[in-house]
file data06.cif (mmCIF, C-alpha atoms)
data_upload
loop_
_atom_site.label_atom_id
_atom_site.label_comp_id
_atom_site.auth_asym_id
_atom_site.auth_seq_id
_atom_site.Cartn_x
_atom_site.Cartn_y
_atom_site.Cartn_z
CA MET P 15 -12.95 71.31 28.89
CA THR P 16 -10.70 71.19 31.93
CA THR P 17 -7.24 72.77 31.98
CA THR P 18 -4.87 71.96 34.83
CA VAL P 19 -1.47 73.48 35.57
CA THR P 20 1.02 72.06 38.03
CA ILE P 21 4.41 73.46 39.03
CA ASN P 22 6.42 70.81 40.85
CA ASN P 23 3.20 68.91 41.44
CA LEU P 24 1.54 71.98 42.99
CA PRO P 25 -1.83 72.69 41.31
CA VAL P 26 -2.11 76.36 40.34
CA GLU P 27 -5.02 76.37 37.91
CA ALA P 28 -7.29 78.13 40.42
CA ARG P 29 -4.83 81.03 40.56
CA VAL P 30 -4.51 81.51 36.79
CA LEU P 31 -5.44 85.12 36.03
CA GLU P 32 -5.42 85.44 32.25
CA GLY P 33 -5.19 81.80 31.35
CA VAL P 34 -2.42 79.80 29.74
CA THR P 35 -0.83 80.23 26.30
CA ILE P 36 1.24 77.40 24.83
CA ARG P 37 3.26 77.72 21.65
CA TYR P 38 4.62 74.63 19.97
CA GLY P 39 6.53 73.93 16.76
CA ARG P 40 7.42 76.25 13.91
CA ASP P 41 5.47 78.92 12.06
CA GLY P 42 6.40 77.70 8.57
CA ILE P 43 8.10 74.85 6.78
CA ASP P 44 11.32 76.83 6.20
CA ASP P 45 11.88 77.40 9.92
CA THR P 46 13.72 75.15 12.33
CA VAL P 47 11.61 73.76 15.14
CA PRO P 48 12.15 75.87 18.30
CA ALA P 49 11.54 74.75 21.86
CA SER P 50 7.92 74.92 22.93
CA SER P 51 6.91 77.58 25.44
CA CYS P 52 4.21 78.23 28.01
CA SER P 53 3.23 81.52 29.60
CA LEU P 54 0.80 82.04 32.47
CA GLN P 55 -0.08 84.60 35.14
CA LEU P 56 -0.90 83.90 38.77
CA LEU P 57 -2.97 86.28 40.91
CA ALA P 58 -2.58 86.48 44.67
CA THR P 59 -4.70 88.75 46.86
CA ASN P 60 -3.65 89.22 50.50
CA GLU P 61 -1.51 86.10 50.32
CA ALA P 62 1.95 85.06 49.24
CA GLN P 63 2.61 83.94 45.71
CA PRO P 64 3.45 80.25 45.16
CA ALA P 65 7.17 79.59 45.63
CA ILE P 66 8.54 79.16 42.09
CA SER P 67 12.18 78.83 41.09
CA LEU P 68 13.93 78.83 37.75
CA ARG P 69 14.03 75.33 36.21
CA ASP P 70 10.95 74.19 38.13
CA LEU P 71 8.92 71.67 36.16
CA VAL P 72 5.66 72.95 34.61
CA VAL P 73 3.05 70.49 33.31
CA VAL P 74 -0.16 71.59 31.57
CA LYS P 75 -2.97 69.17 30.75
CA ILE P 76 -6.27 69.59 28.93
CA ASP P 77 -8.86 66.95 29.73
CA GLY P 78 -6.07 64.76 31.07
CA THR P 79 -3.87 65.04 27.96
CA THR P 80 -0.44 66.60 28.48
CA VAL P 81 -0.11 69.60 26.16
CA PHE P 82 3.11 71.02 27.64
CA ARG P 83 6.02 69.87 29.78
CA GLY P 84 8.96 72.16 30.41
CA LYS P 85 11.04 74.26 32.78
CA VAL P 86 10.59 77.73 34.23
CA THR P 87 13.02 80.17 32.64
CA ASP P 88 11.52 83.52 33.64
CA ARG P 89 9.35 84.83 36.45
CA GLN P 90 8.25 88.36 37.28
CA ILE P 91 6.08 89.72 40.10
CA ASP P 92 4.08 92.94 39.66
CA VAL P 93 2.21 94.71 42.48
CA PRO P 94 -0.85 96.47 41.00
CA PHE P 95 -2.19 97.64 44.39
CA ILE P 96 -1.04 97.81 48.03
CA ASP P 97 -2.22 99.62 51.17
CA SER P 98 -2.25 99.01 54.90
CA ALA P 99 -4.96 96.36 54.61
CA ARG P 100 -4.55 94.85 51.16
CA ILE P 101 -1.95 93.69 48.69
CA GLY P 102 -2.34 92.20 45.25
CA THR P 103 0.41 90.61 43.19
CA ILE P 104 0.58 89.11 39.71
CA GLN P 105 3.32 86.59 38.99
CA SER P 106 4.09 86.07 35.30
CA VAL P 107 5.77 82.76 34.51
CA ILE P 108 7.41 81.56 31.30
CA ALA P 109 8.57 77.97 30.79
CA VAL P 110 10.23 76.30 27.79
CA GLY P 111 10.28 72.73 26.52
CA ALA P 112 12.97 70.08 26.30
CA LEU P 113 14.50 71.26 23.00
CA SER P 114 15.96 74.26 24.81
CA GLU P 115 18.26 71.89 26.70
CA LEU P 116 20.00 70.77 23.51
CA GLY P 117 21.09 74.34 22.86
CA ARG P 118 23.20 74.19 26.03
CA ILE P 119 24.56 70.62 25.86
CA LEU P 120 27.83 69.91 24.05
CA ALA P 121 28.25 66.80 21.88
CA GLY P 122 30.34 65.62 18.93
CA GLY P 123 33.60 65.27 20.82
CA VAL P 124 34.20 61.83 19.29
CA ALA P 125 34.46 60.98 15.59
CA TYR P 126 31.28 59.93 13.79
CA PRO P 127 31.28 57.36 10.95
CA SER P 128 29.55 57.88 7.60
CA GLU P 129 25.92 56.96 8.31
CA LEU P 130 22.26 57.66 7.55
CA ASP P 131 20.77 60.88 8.87
CA GLY P 132 18.53 59.08 11.37
CA ALA P 133 21.48 57.15 12.78
CA ARG P 134 23.45 60.41 13.13
CA VAL P 135 20.63 62.09 15.06
CA SER P 136 20.27 59.06 17.32
CA ARG P 137 24.02 59.16 17.99
CA ILE P 138 23.91 62.87 18.89
CA LEU P 139 20.90 62.50 21.18
CA THR P 140 22.43 59.51 22.92
CA GLU P 141 25.64 61.44 23.49
CA ALA P 142 23.64 64.40 24.81
CA ALA P 143 21.98 62.02 27.34
CA PRO P 144 18.33 62.96 26.77
CA LEU P 145 16.94 59.94 28.60
CA ALA P 146 14.99 60.68 31.75
CA PRO P 147 17.48 60.61 34.64
CA THR P 148 16.91 58.92 37.98
CA ILE P 149 17.59 60.46 41.38
CA ASP P 150 20.39 58.93 43.43
CA ALA P 151 19.47 55.26 43.94
CA SER P 152 15.82 55.81 43.01
CA THR P 153 14.53 53.93 39.96
CA GLY P 154 11.66 56.32 39.30
CA PRO P 155 12.33 58.59 36.30
CA ILE P 156 11.34 62.22 36.44
CA SER P 157 8.54 61.61 33.93
CA THR P 158 6.65 59.65 36.61
CA SER P 159 7.43 61.82 39.63
CA GLU P 160 7.05 65.17 37.80
CA GLN P 161 9.46 66.96 40.11
CA SER P 162 12.13 69.53 39.30
CA TYR P 163 15.82 68.63 39.06
CA ASP P 164 18.61 70.73 37.63
CA TYR P 165 19.89 67.99 35.36
CA TRP P 166 16.52 67.16 33.81
CA ALA P 167 16.76 67.24 30.01
CA SER P 168 13.80 65.40 28.48
CA ALA P 169 11.37 62.63 29.26
CA GLY P 170 13.18 60.34 26.79
CA LEU P 171 12.96 59.48 23.09
CA GLU P 172 9.98 59.04 20.80
CA THR P 173 10.41 57.78 17.20
CA ILE P 174 13.81 58.28 15.58
CA ASP P 175 13.43 57.48 11.86
CA ALA P 176 16.19 55.53 10.12
CA GLY P 177 16.96 58.28 7.58
CA THR P 178 17.04 58.58 3.80
CA VAL P 179 20.48 60.05 2.96
CA THR P 180 24.06 59.12 3.79
CA LEU P 181 26.20 61.69 5.61
CA ASN P 182 29.96 62.15 5.56
CA ALA P 183 32.08 60.86 8.40
CA ARG P 184 32.78 63.60 10.95
CA THR P 185 35.99 64.37 12.83
CA GLY P 186 35.49 64.78 16.56
CA ALA P 187 34.93 68.41 17.62
CA THR P 188 32.55 69.54 20.33
CA ALA P 189 29.57 71.69 19.39
CA LYS P 190 26.10 72.36 20.72
CA ALA P 191 23.94 69.29 20.22
CA LEU P 192 21.16 71.33 18.61
CA GLU P 193 23.57 72.78 16.03
CA LEU P 194 24.76 69.27 15.11
CA VAL P 195 21.19 68.10 14.58
CA ASP P 196 20.29 71.21 12.56
CA THR P 197 23.17 70.37 10.18
CA VAL P 198 21.69 66.90 9.70
CA THR P 199 18.20 68.32 9.01
CA THR P 200 19.56 70.78 6.44
CA SER P 201 21.48 68.02 4.68
CA ALA P 202 18.54 65.60 4.62
CA GLY P 203 15.84 68.11 3.70
CA SER P 204 13.73 66.47 6.40
CA PRO P 205 11.12 67.79 8.86
CA GLY P 206 13.84 67.15 11.42
CA LEU P 207 14.12 67.13 15.20
CA TYR P 208 11.08 67.88 17.35
CA GLU P 209 9.82 67.46 20.88
CA THR P 210 6.44 66.07 21.86
CA PRO P 211 4.16 68.00 24.24
CA ALA P 212 5.02 65.33 26.84
CA GLY P 213 8.74 66.18 26.57
CA LEU P 214 10.06 63.39 24.32
CA TYR P 215 12.59 63.94 21.51
CA GLY P 216 11.81 62.63 18.02
CA TYR P 217 13.30 62.82 14.52
CA ALA P 218 11.28 62.74 11.29
CA ASP P 219 13.22 61.84 8.13
CA ALA P 220 12.23 62.92 4.61
CA ARG P 221 9.85 59.97 4.16
CA ARG P 222 8.00 60.25 7.47
CA ARG P 223 5.20 62.40 6.09
CA SER P 224 4.72 60.23 3.01
CA LYS P 225 3.93 57.33 5.30
CA ASN P 226 1.70 59.33 7.65
CA ILE P 227 -1.62 59.02 5.82
CA THR P 228 -4.25 59.22 8.59
CA PRO P 229 -5.26 62.88 8.76
CA ILE P 230 -7.29 65.01 11.12
CA THR P 231 -10.30 65.98 8.99
CA LEU P 232 -11.96 69.33 9.67
CA ASP P 233 -15.15 70.64 8.10
CA ALA P 234 -14.62 74.29 7.16
CA ALA P 235 -18.05 75.07 8.61
CA ILE P 236 -16.68 74.78 12.15
CA ILE P 237 -13.78 77.12 11.41
CA GLY P 238 -15.67 80.05 9.94
CA ALA P 239 -13.41 82.85 8.74
CA SER P 240 -10.47 81.91 11.00
CA ILE P 241 -8.28 80.83 8.08
CA THR P 242 -5.21 82.65 6.79
CA SER P 243 -3.69 81.99 3.37
CA ALA P 244 -1.00 83.87 1.47
CA SER P 245 1.21 83.84 -1.62
CA ARG P 246 4.60 85.56 -1.44
CA VAL P 247 7.52 86.07 -3.78
CA GLY P 248 9.71 85.28 -0.78
CA ASP P 249 8.41 81.71 -0.85
CA LEU P 250 9.79 81.14 -4.37
CA ILE P 251 13.06 79.30 -5.01
CA ASN P 252 13.95 78.48 -8.60
CA THR P 253 17.72 77.95 -8.49
CA VAL P 254 19.37 75.76 -5.86
CA SER P 255 23.03 74.92 -5.27
CA VAL P 256 23.87 72.04 -2.91
CA THR P 257 27.37 71.17 -1.71
CA TYR P 258 28.33 67.57 -0.92
CA GLY P 259 31.28 65.22 -0.45
CA THR P 260 34.51 65.45 1.52
CA SER P 261 36.73 67.44 -0.83
CA SER P 262 37.91 70.91 0.18
CA PRO P 263 36.23 72.94 -1.11
CA GLN P 264 33.20 70.69 -1.41
CA ALA P 265 31.77 69.77 -4.80
CA ALA P 266 28.45 71.36 -5.70
CA VAL P 267 25.44 70.46 -7.82
CA SER P 268 22.67 72.81 -8.93
CA ALA P 269 19.12 72.67 -10.25
CA THR P 270 17.15 75.42 -12.01
CA ASP P 271 13.58 75.82 -13.23
CA PRO P 272 13.85 77.87 -16.46
CA LEU P 273 10.15 78.70 -16.63
CA SER P 274 10.27 80.23 -13.16
CA THR P 275 13.47 82.19 -13.78
CA ASN P 276 11.95 83.57 -17.00
CA ALA P 277 8.88 84.73 -15.10
CA PHE P 278 10.35 85.92 -11.79
CA GLY P 279 14.09 86.21 -12.34
CA THR P 280 16.62 84.10 -10.49
CA ILE P 281 15.70 83.46 -6.86
CA ALA P 282 18.58 81.36 -5.60
CA LYS P 283 19.36 79.36 -2.49
CA SER P 284 22.70 77.80 -1.54
CA ILE P 285 22.76 74.87 0.88
CA THR P 286 25.90 73.57 2.56
CA THR P 287 25.43 69.92 3.54
CA GLU P 288 27.21 66.89 4.92
CA LEU P 289 25.82 64.68 2.15
CA ALA P 290 28.20 61.98 0.99
CA SER P 291 26.80 61.27 -2.49
CA LEU P 292 26.06 63.21 -5.67
CA THR P 293 22.71 61.42 -6.02
CA ASP P 294 21.43 62.65 -2.66
CA ALA P 295 22.61 66.19 -3.42
CA GLU P 296 20.86 66.14 -6.82
CA ASP P 297 17.66 64.84 -5.25
CA LEU P 298 17.65 67.63 -2.66
CA ALA P 299 18.28 70.38 -5.23
CA THR P 300 15.63 69.01 -7.60
CA ARG P 301 13.04 68.54 -4.87
CA ILE P 302 13.34 72.17 -3.77
CA THR P 303 13.14 73.68 -7.26
CA ARG P 304 10.23 71.46 -8.31
CA THR P 305 8.12 72.36 -5.26
CA ARG P 306 9.12 75.99 -4.77
CA SER P 307 9.53 77.40 -8.30
CA GLU P 308 5.83 78.21 -8.84
CA PRO P 309 3.78 80.70 -6.78
CA ARG P 310 1.04 79.04 -4.77
CA LEU P 311 -1.73 80.33 -2.54
CA ASN P 312 -0.65 78.67 0.70
CA LEU P 313 -2.87 77.99 3.67
CA GLU P 314 -0.85 79.10 6.71
CA SER P 315 -3.06 78.96 9.81
CA ILE P 316 -6.37 77.56 11.03
CA THR P 317 -8.10 78.51 14.29
CA VAL P 318 -10.62 76.21 15.95
CA ASN P 319 -12.63 76.90 19.11
CA LEU P 320 -12.18 73.71 21.14
CA ASP P 321 -15.35 74.45 23.13
CA LEU P 322 -17.52 74.63 20.01
CA PRO P 323 -20.60 72.42 20.64
CA ALA P 324 -20.66 71.24 17.01
CA LEU P 325 -17.07 69.97 17.16
CA ASP P 326 -16.96 66.20 16.83
CA PRO P 327 -15.59 64.64 20.08
CA ALA P 328 -13.02 62.58 18.15
CA VAL P 329 -11.80 65.69 16.32
CA LYS P 330 -11.70 67.62 19.60
CA THR P 331 -9.54 64.88 21.14
CA ALA P 332 -7.19 64.93 18.12
CA LEU P 333 -6.85 68.71 18.28
CA THR P 334 -6.28 68.69 22.03
CA GLY P 335 -3.25 66.47 21.55
CA PRO P 336 -1.86 67.34 18.08
CA THR P 337 1.51 66.06 16.89
CA TYR P 338 4.21 67.67 14.77
CA GLY P 339 3.83 66.64 11.13
CA LYS P 340 0.31 65.24 11.55
CA PRO P 341 -1.59 65.38 8.22
CA ILE P 342 -4.70 67.54 8.17
CA THR P 343 -7.52 67.78 5.63
CA LEU P 344 -10.03 70.62 5.29
CA THR P 345 -13.30 69.85 3.58
CA GLY P 346 -16.23 72.01 2.51
CA LEU P 347 -14.13 75.05 1.63
CA ASP P 348 -15.81 77.88 -0.24
CA SER P 349 -14.39 77.99 -3.78
CA ARG P 350 -14.18 81.80 -3.53
CA MET P 351 -11.27 81.36 -1.08
CA GLY P 352 -9.09 80.14 -3.96
CA LEU P 353 -8.05 76.89 -2.27
CA GLY P 354 -10.52 74.53 -3.92
CA SER P 355 -13.16 72.62 -1.99
CA THR P 356 -10.62 70.39 -0.19
CA TRP P 357 -7.14 71.18 1.10
CA GLN P 358 -4.48 68.82 2.44
CA GLY P 359 -1.41 69.64 4.46
CA PHE P 360 0.63 69.00 7.57
CA ILE P 361 0.71 70.55 11.04
CA GLU P 362 3.96 72.47 11.63
CA GLY P 363 3.08 73.95 15.01
CA TRP P 364 0.27 75.41 17.07
CA THR P 365 -0.78 77.87 19.76
CA ILE P 366 -3.21 76.81 22.48
CA SER P 367 -5.02 79.52 24.43
CA ALA P 368 -6.87 78.31 27.53
CA ARG P 369 -8.83 81.09 29.17
CA GLN P 370 -12.04 81.43 31.12
CA GLY P 371 -14.93 80.62 28.79
CA ARG P 372 -12.79 79.82 25.74
CA GLU P 373 -10.16 77.30 24.75
CA ALA P 374 -8.90 77.57 21.20
CA ILE P 375 -6.08 76.23 19.06
CA THR P 376 -4.43 77.92 16.09
CA LEU P 377 -2.65 75.45 13.81
CA ASN P 378 0.33 76.52 11.69
CA VAL P 379 0.13 74.39 8.55
CA SER P 380 1.91 73.76 5.24
CA ALA P 381 0.70 72.24 1.98
CA ARG P 382 1.47 68.56 1.31
CA VAL P 383 3.42 69.36 -1.83
CA TYR P 384 6.25 70.89 0.22
CA SER P 385 6.83 67.73 2.26
CA LEU P 386 6.34 64.79 -0.08
CA LEU P 387 9.09 63.35 -2.24
CA LEU P 388 8.69 63.95 -5.96
CA ALA P 389 6.88 61.57 -8.29
CA THR P 390 8.83 60.79 -11.47
CA VAL P 391 7.58 59.31 -14.73
CA SER P 392 9.82 56.98 -16.74
CA GLN P 393 10.50 58.35 -20.23
CA LEU P 394 9.78 55.17 -22.19
CA SER P 395 7.33 53.30 -19.98
CA SER P 396 4.19 53.96 -18.01
CA SER P 397 5.73 52.97 -14.69
CA VAL P 398 5.70 55.55 -11.92
CA ASN P 399 8.66 55.46 -9.55
CA ARG P 400 9.05 56.36 -5.88
CA LEU P 401 5.40 57.11 -5.20
CA GLU P 402 4.25 56.85 -1.60
CA GLY P 403 0.85 57.39 -0.06
CA THR P 404 -2.57 57.37 -1.71
CA VAL P 405 -3.31 58.64 -5.21
CA ASP P 406 -5.52 61.42 -3.82
CA GLY P 407 -2.80 62.40 -1.40
CA LEU P 408 -0.30 62.79 -4.25
CA ALA P 409 -2.54 65.06 -6.31
CA GLU P 410 -0.54 68.21 -5.58
CA LEU P 411 2.62 66.62 -6.94
CA TRP P 412 1.18 66.59 -10.45
CA ALA P 413 1.95 69.75 -12.39
CA PRO P 414 -1.30 71.54 -13.31
CA ASP P 415 0.07 73.11 -16.51
CA PRO P 416 2.44 70.68 -18.29
CA ARG P 417 5.10 72.38 -20.41
CA PHE P 418 8.36 71.37 -22.03
CA ASP P 419 11.52 73.29 -21.30
CA SER P 420 10.71 76.96 -22.02
CA LEU P 421 7.88 76.17 -24.48
CA SER P 422 4.24 76.82 -23.73
CA ASN P 423 2.99 73.77 -25.63
CA THR P 424 0.92 71.18 -23.80
CA ILE P 425 1.26 67.41 -24.07
CA ASN P 426 -1.63 67.22 -26.56
CA SER P 427 0.21 69.35 -29.13
CA LEU P 428 3.67 67.78 -28.88
CA SER P 429 5.09 64.33 -29.40
CA ALA P 430 8.40 62.53 -28.92
CA TYR P 431 9.61 64.88 -26.19
CA THR P 432 11.21 63.87 -22.91
CA ILE P 433 8.88 64.25 -19.95
CA ASP P 434 10.87 65.12 -16.84
CA ARG P 435 7.95 65.68 -14.48
CA ALA P 436 4.81 63.86 -13.46
CA TYR P 437 1.80 65.46 -15.17
CA LYS P 438 -1.92 65.13 -14.86
CA ILE P 439 -3.44 64.82 -18.33
CA ALA P 440 -6.95 66.24 -18.35
#
call {"tool": "encode", "arguments": {"input": "data06.cif", "output": "structure tokens"}}
result
Amino acid sequence: MTTTVTINNLPVEARVLEGVTIRYGRDGIDDTVPASSCSLQLLATNEAQPAISLRDLVVVKIDGTTVFRGKVTDRQIDVPFIDSARIGTIQSVIAVGALSELGRILAGGVAYPSELDGARVSRILTEAAPLAPTIDASTGPISTSEQSYDYWASAGLETIDAGTVTLNARTGATAKALELVDTVTTSAGSPGLYETPAGLYGYADARRRSKNITPITLDAAIIGASITSASRVGDLINTVSVTYGTSSPQAAVSATDPLSTNAFGTIAKSITTELASLTDAEDLATRITRTRSEPRLNLESITVNLDLPALDPAVKTALTGPTYGKPITLTGLDSRMGLGSTWQGFIEGWTISARQGREAITLNVSARVYSLLLATVSQLSSSVNRLEGTVDGLAELWAPDPRFDSLSNTINSLSAYTIDRAYKIA
């Protein structure tokens, strides 16, 4: 595999001392998506270091695919040796992606109407002017010239989903653009705002992952023992309160899982939102308690050596250019790992390490059940409402141990009771 690094169109890959490390996306599903970052070190022996300034444009590509695009934020030069005849210097460079710009741009100075979450995000991004700027009278955007300019924000927009919930109207008051978008993400319970490795902004609403059904499939045999899974009490949430509406103070709705509170005590979460309707607030509270009230062994990270000879070329290409929220399936898992033979989830972020003799990627992942909207079964009919995706893909949404209220009885031993979840009947 070939890794190339350019800083303001100046190739520096031959000078890379310890390789390149790129971090993208979030560690877990509860985190907001931070700006991507890239760190590298440049060695110079008996010569001057490349001239690098803050906000210079850094582009990293692997086999021609852009895996990072951002600006220099930090640089440091160390001198490990010097005498009358020799000098050696190491320049450490850190660059960050386009999302960092939104933390310094003000928006929201004008009033916003009541609208869907996707429309609100689009409005904020448009106001924050993320489109690739041109230079003076030139018509060439920065994305094609790959030069450094102080007012560069992003390379433009990717997909901005329409949204699934309606937000309150907002009175004009300036705030950081990133804070405004984070409020939308919290209200919608969506994967939210992200940047692509090529520097584009995108927004994934709560239904994006239900519709994204073409996964990267990995055979566990190529991963070996480089898999991390965990189960933590801190991941549990069994009581949720969600505020909504325009009254002051806002109205609130709550949802509780009594089985979970009986077993673990009350583990509560309060969410302040800009949701306009009771229905949307109830859906958000219910979705969180239904998916987070039971302890699960969660797969958290997967490491794959991109130079592995046995790695399928198509899989290698997919892993070289991963995308936020991309579904991933692991097959051939050893049952002793406690995850079953097959596991399905979504990519939340990743770390790419490109060094001499080894290029690897560590994927931060989350289980499908945390991202898909709930399946509901009608009480008096066999119709199933609001299902999206394939039947196999929805398997984790079916409760493995059906119970009624605080009873331990199964469906086979009870009759004429209301079923308020979707259950798999063995």
call {"tool": "residues_around", "arguments": {"input": "data06.cif", "residues": "range 90-102 of chain P", "least_positions_apart": "5", "cutoff": "10 Å", "atoms": "all atoms listed in the file", "output": "compact mmCIF listing (two decimals) with C-alpha atoms, in the coordinates of the input"}}
result
# COMPACT_ATOMS: atom_id res chain seq x y z
CA GLN P 55 -0.08 84.60 35.14
CA LEU P 56 -0.90 83.90 38.77
CA LEU P 57 -2.97 86.28 40.91
CA ALA P 58 -2.58 86.48 44.67
CA THR P 59 -4.70 88.75 46.86
CA ASN P 60 -3.65 89.22 50.50
CA GLU P 61 -1.51 86.10 50.32
CA ALA P 62 1.95 85.06 49.24
CA GLN P 63 2.61 83.94 45.71
CA VAL P 107 5.77 82.76 34.51
CA ILE P 108 7.41 81.56 31.30
call {"tool": "atom_distance", "arguments": {"input": "data06.cif", "atom1": "CA of Leu386 in chain P", "atom2": "CA of Leu344 in chain P"}}
result
18.2 Å
call {"tool": "residues_around", "arguments": {"input": "data06.cif", "residues": "Asp131 in chain P", "least_positions_apart": "2", "cutoff": "7 Å", "atoms": "all atoms listed in the file", "output": "PyMOL selection string"}}
result
chain P and resi 129+133-135+177-181+198+202
call {"tool": "residues_around", "arguments": {"input": "data06.cif", "residues": "Ile230 in chain P", "least_positions_apart": "4", "cutoff": "8 Å", "atoms": "all atoms listed in the file", "output": "PyMOL selection string"}}
result
chain P and resi 329+332+340-343
call {"tool": "residues_near_point", "arguments": {"input": "data06.cif", "point": "(22.1, 64.4, 22.5)", "cutoff": "9 Å", "atoms": "all atoms listed in the file", "output": "PDB file with C-alpha atoms, in the coordinates of the input"}}
result
ATOM      1  CA  LEU P 116      20.000  70.770  23.510  1.00  0.00           C
ATOM      2  CA  ILE P 119      24.560  70.620  25.860  1.00  0.00           C
ATOM      3  CA  LEU P 120      27.830  69.910  24.050  1.00  0.00           C
ATOM      4  CA  ALA P 121      28.250  66.800  21.880  1.00  0.00           C
ATOM      5  CA  VAL P 135      20.630  62.090  15.060  1.00  0.00           C
ATOM      6  CA  SER P 136      20.270  59.060  17.320  1.00  0.00           C
ATOM      7  CA  ARG P 137      24.020  59.160  17.990  1.00  0.00           C
ATOM      8  CA  ILE P 138      23.910  62.870  18.890  1.00  0.00           C
ATOM      9  CA  LEU P 139      20.900  62.500  21.180  1.00  0.00           C
ATOM     10  CA  THR P 140      22.430  59.510  22.920  1.00  0.00           C
ATOM     11  CA  GLU P 141      25.640  61.440  23.490  1.00  0.00           C
ATOM     12  CA  ALA P 142      23.640  64.400  24.810  1.00  0.00           C
ATOM     13  CA  ALA P 143      21.980  62.020  27.340  1.00  0.00           C
ATOM     14  CA  PRO P 144      18.330  62.960  26.770  1.00  0.00           C
ATOM     15  CA  ALA P 191      23.940  69.290  20.220  1.00  0.00           C
ATOM     16  CA  LEU P 192      21.160  71.330  18.610  1.00  0.00           C
ATOM     17  CA  VAL P 195      21.190  68.100  14.580  1.00  0.00           C
TER      18      VAL P 195
END
call {"tool": "resolve_selection", "arguments": {"input": "data06.cif", "expression": "the PyMOL selection byres ((chain P and resi 271) around 10)", "output": "list of chain:residue names"}}
result
P:Ile251, P:Asn252, P:Thr253, P:Val254, P:Ala269, P:Thr270, P:Pro272, P:Leu273, P:Ser274, P:Thr275, P:Asn276, P:Thr280, P:Thr300, P:Thr303, P:Arg304, P:Arg306, P:Ser307, P:Glu308, P:Asp419, P:Ser420
call {"tool": "resolve_selection", "arguments": {"input": "data06.cif", "expression": "the PyMOL selection byres ((chain P and resi 245) around 9)", "output": "VMD selection string"}}
result
chain P and resid 243 to 244 246 to 249 309 to 313
call {"tool": "resolve_selection", "arguments": {"input": "data06.cif", "expression": "the PyMOL selection byres ((chain P and resi 336) around 10)", "output": "ChimeraX atom specification"}}
result
/P:38,81,210-211,230,330-335,337-340,361,363-364,375,377
call {"tool": "closest_residue", "arguments": {"input": "data06.cif", "among": "P:Thr188, P:Ser284, P:Thr46, P:Thr293", "to": "Gly259 in chain P", "atoms": "all atoms listed in the file"}}
result
P:Thr293
call {"tool": "atom_distance", "arguments": {"input": "data06.cif", "atom1": "CA of Val318 in chain P", "atom2": "CA of Thr231 in chain P"}}
result
12.4 Å
call {"tool": "residues_around", "arguments": {"input": "data06.cif", "residues": "Val47 in chain P", "least_positions_apart": "2", "cutoff": "9 Å", "atoms": "only C-alpha atoms", "output": "PDB file with C-alpha atoms, in the frame of the given file"}}
result
ATOM      1  CA  TYR P  38       4.620  74.630  19.970  1.00  0.00           C
ATOM      2  CA  GLY P  39       6.530  73.930  16.760  1.00  0.00           C
ATOM      3  CA  ARG P  40       7.420  76.250  13.910  1.00  0.00           C
ATOM      4  CA  ASP P  41       5.470  78.920  12.060  1.00  0.00           C
ATOM      5  CA  ASP P  45      11.880  77.400   9.920  1.00  0.00           C
ATOM      6  CA  ALA P  49      11.540  74.750  21.860  1.00  0.00           C
ATOM      7  CA  SER P  50       7.920  74.920  22.930  1.00  0.00           C
ATOM      8  CA  LEU P 113      14.500  71.260  23.000  1.00  0.00           C
ATOM      9  CA  PRO P 205      11.120  67.790   8.860  1.00  0.00           C
ATOM     10  CA  GLY P 206      13.840  67.150  11.420  1.00  0.00           C
ATOM     11  CA  LEU P 207      14.120  67.130  15.200  1.00  0.00           C
ATOM     12  CA  TYR P 208      11.080  67.880  17.350  1.00  0.00           C
ATOM     13  CA  GLU P 209       9.820  67.460  20.880  1.00  0.00           C
ATOM     14  CA  GLU P 362       3.960  72.470  11.630  1.00  0.00           C
ATOM     15  CA  GLY P 363       3.080  73.950  15.010  1.00  0.00           C
TER      16      GLY P 363
END
call {"tool": "atom_distance", "arguments": {"input": "data06.cif", "atom1": "CA of Thr197 in chain P", "atom2": "CA of Ala220 in chain P"}}
result
14.4 Å
call {"tool": "residues_around", "arguments": {"input": "data06.cif", "residues": "Thr376 in chain P", "least_positions_apart": "5", "cutoff": "9 Å", "atoms": "only C-alpha atoms", "output": "ChimeraX atom specification"}}
result
/P:240,315-319,363-367
call {"tool": "closest_residue", "arguments": {"input": "data06.cif", "among": "P:Asp77, P:Asp297, P:Thr286, P:Ala265", "to": "Ser201 in chain P", "atoms": "only C-alpha atoms"}}
result
P:Thr286
call {"tool": "closest_residue", "arguments": {"input": "data06.cif", "among": "P:Val19, P:Ala290, P:Leu353, P:Val124", "to": "Lys75 in chain P", "atoms": "all atoms listed in the file"}}
result
P:Val19
call {"tool": "closest_residue", "arguments": {"input": "data06.cif", "among": "P:Ser291, P:Glu115, P:Ala368, P:Leu387", "to": "Val30 in chain P", "atoms": "only C-alpha atoms"}}
result
P:Ala368
call {"tool": "closest_residue", "arguments": {"input": "data06.cif", "among": "P:Arg369, P:Thr345, P:Gly170, P:Ile236", "to": "Thr18 in chain P", "atoms": "all atoms listed in the file"}}
result
P:Arg369
call {"tool": "closest_residue", "arguments": {"input": "data06.cif", "among": "P:Leu289, P:Ile227, P:Ala234, P:Leu71", "to": "Leu347 in chain P", "atoms": "all atoms listed in the file"}}
result
P:Ala234
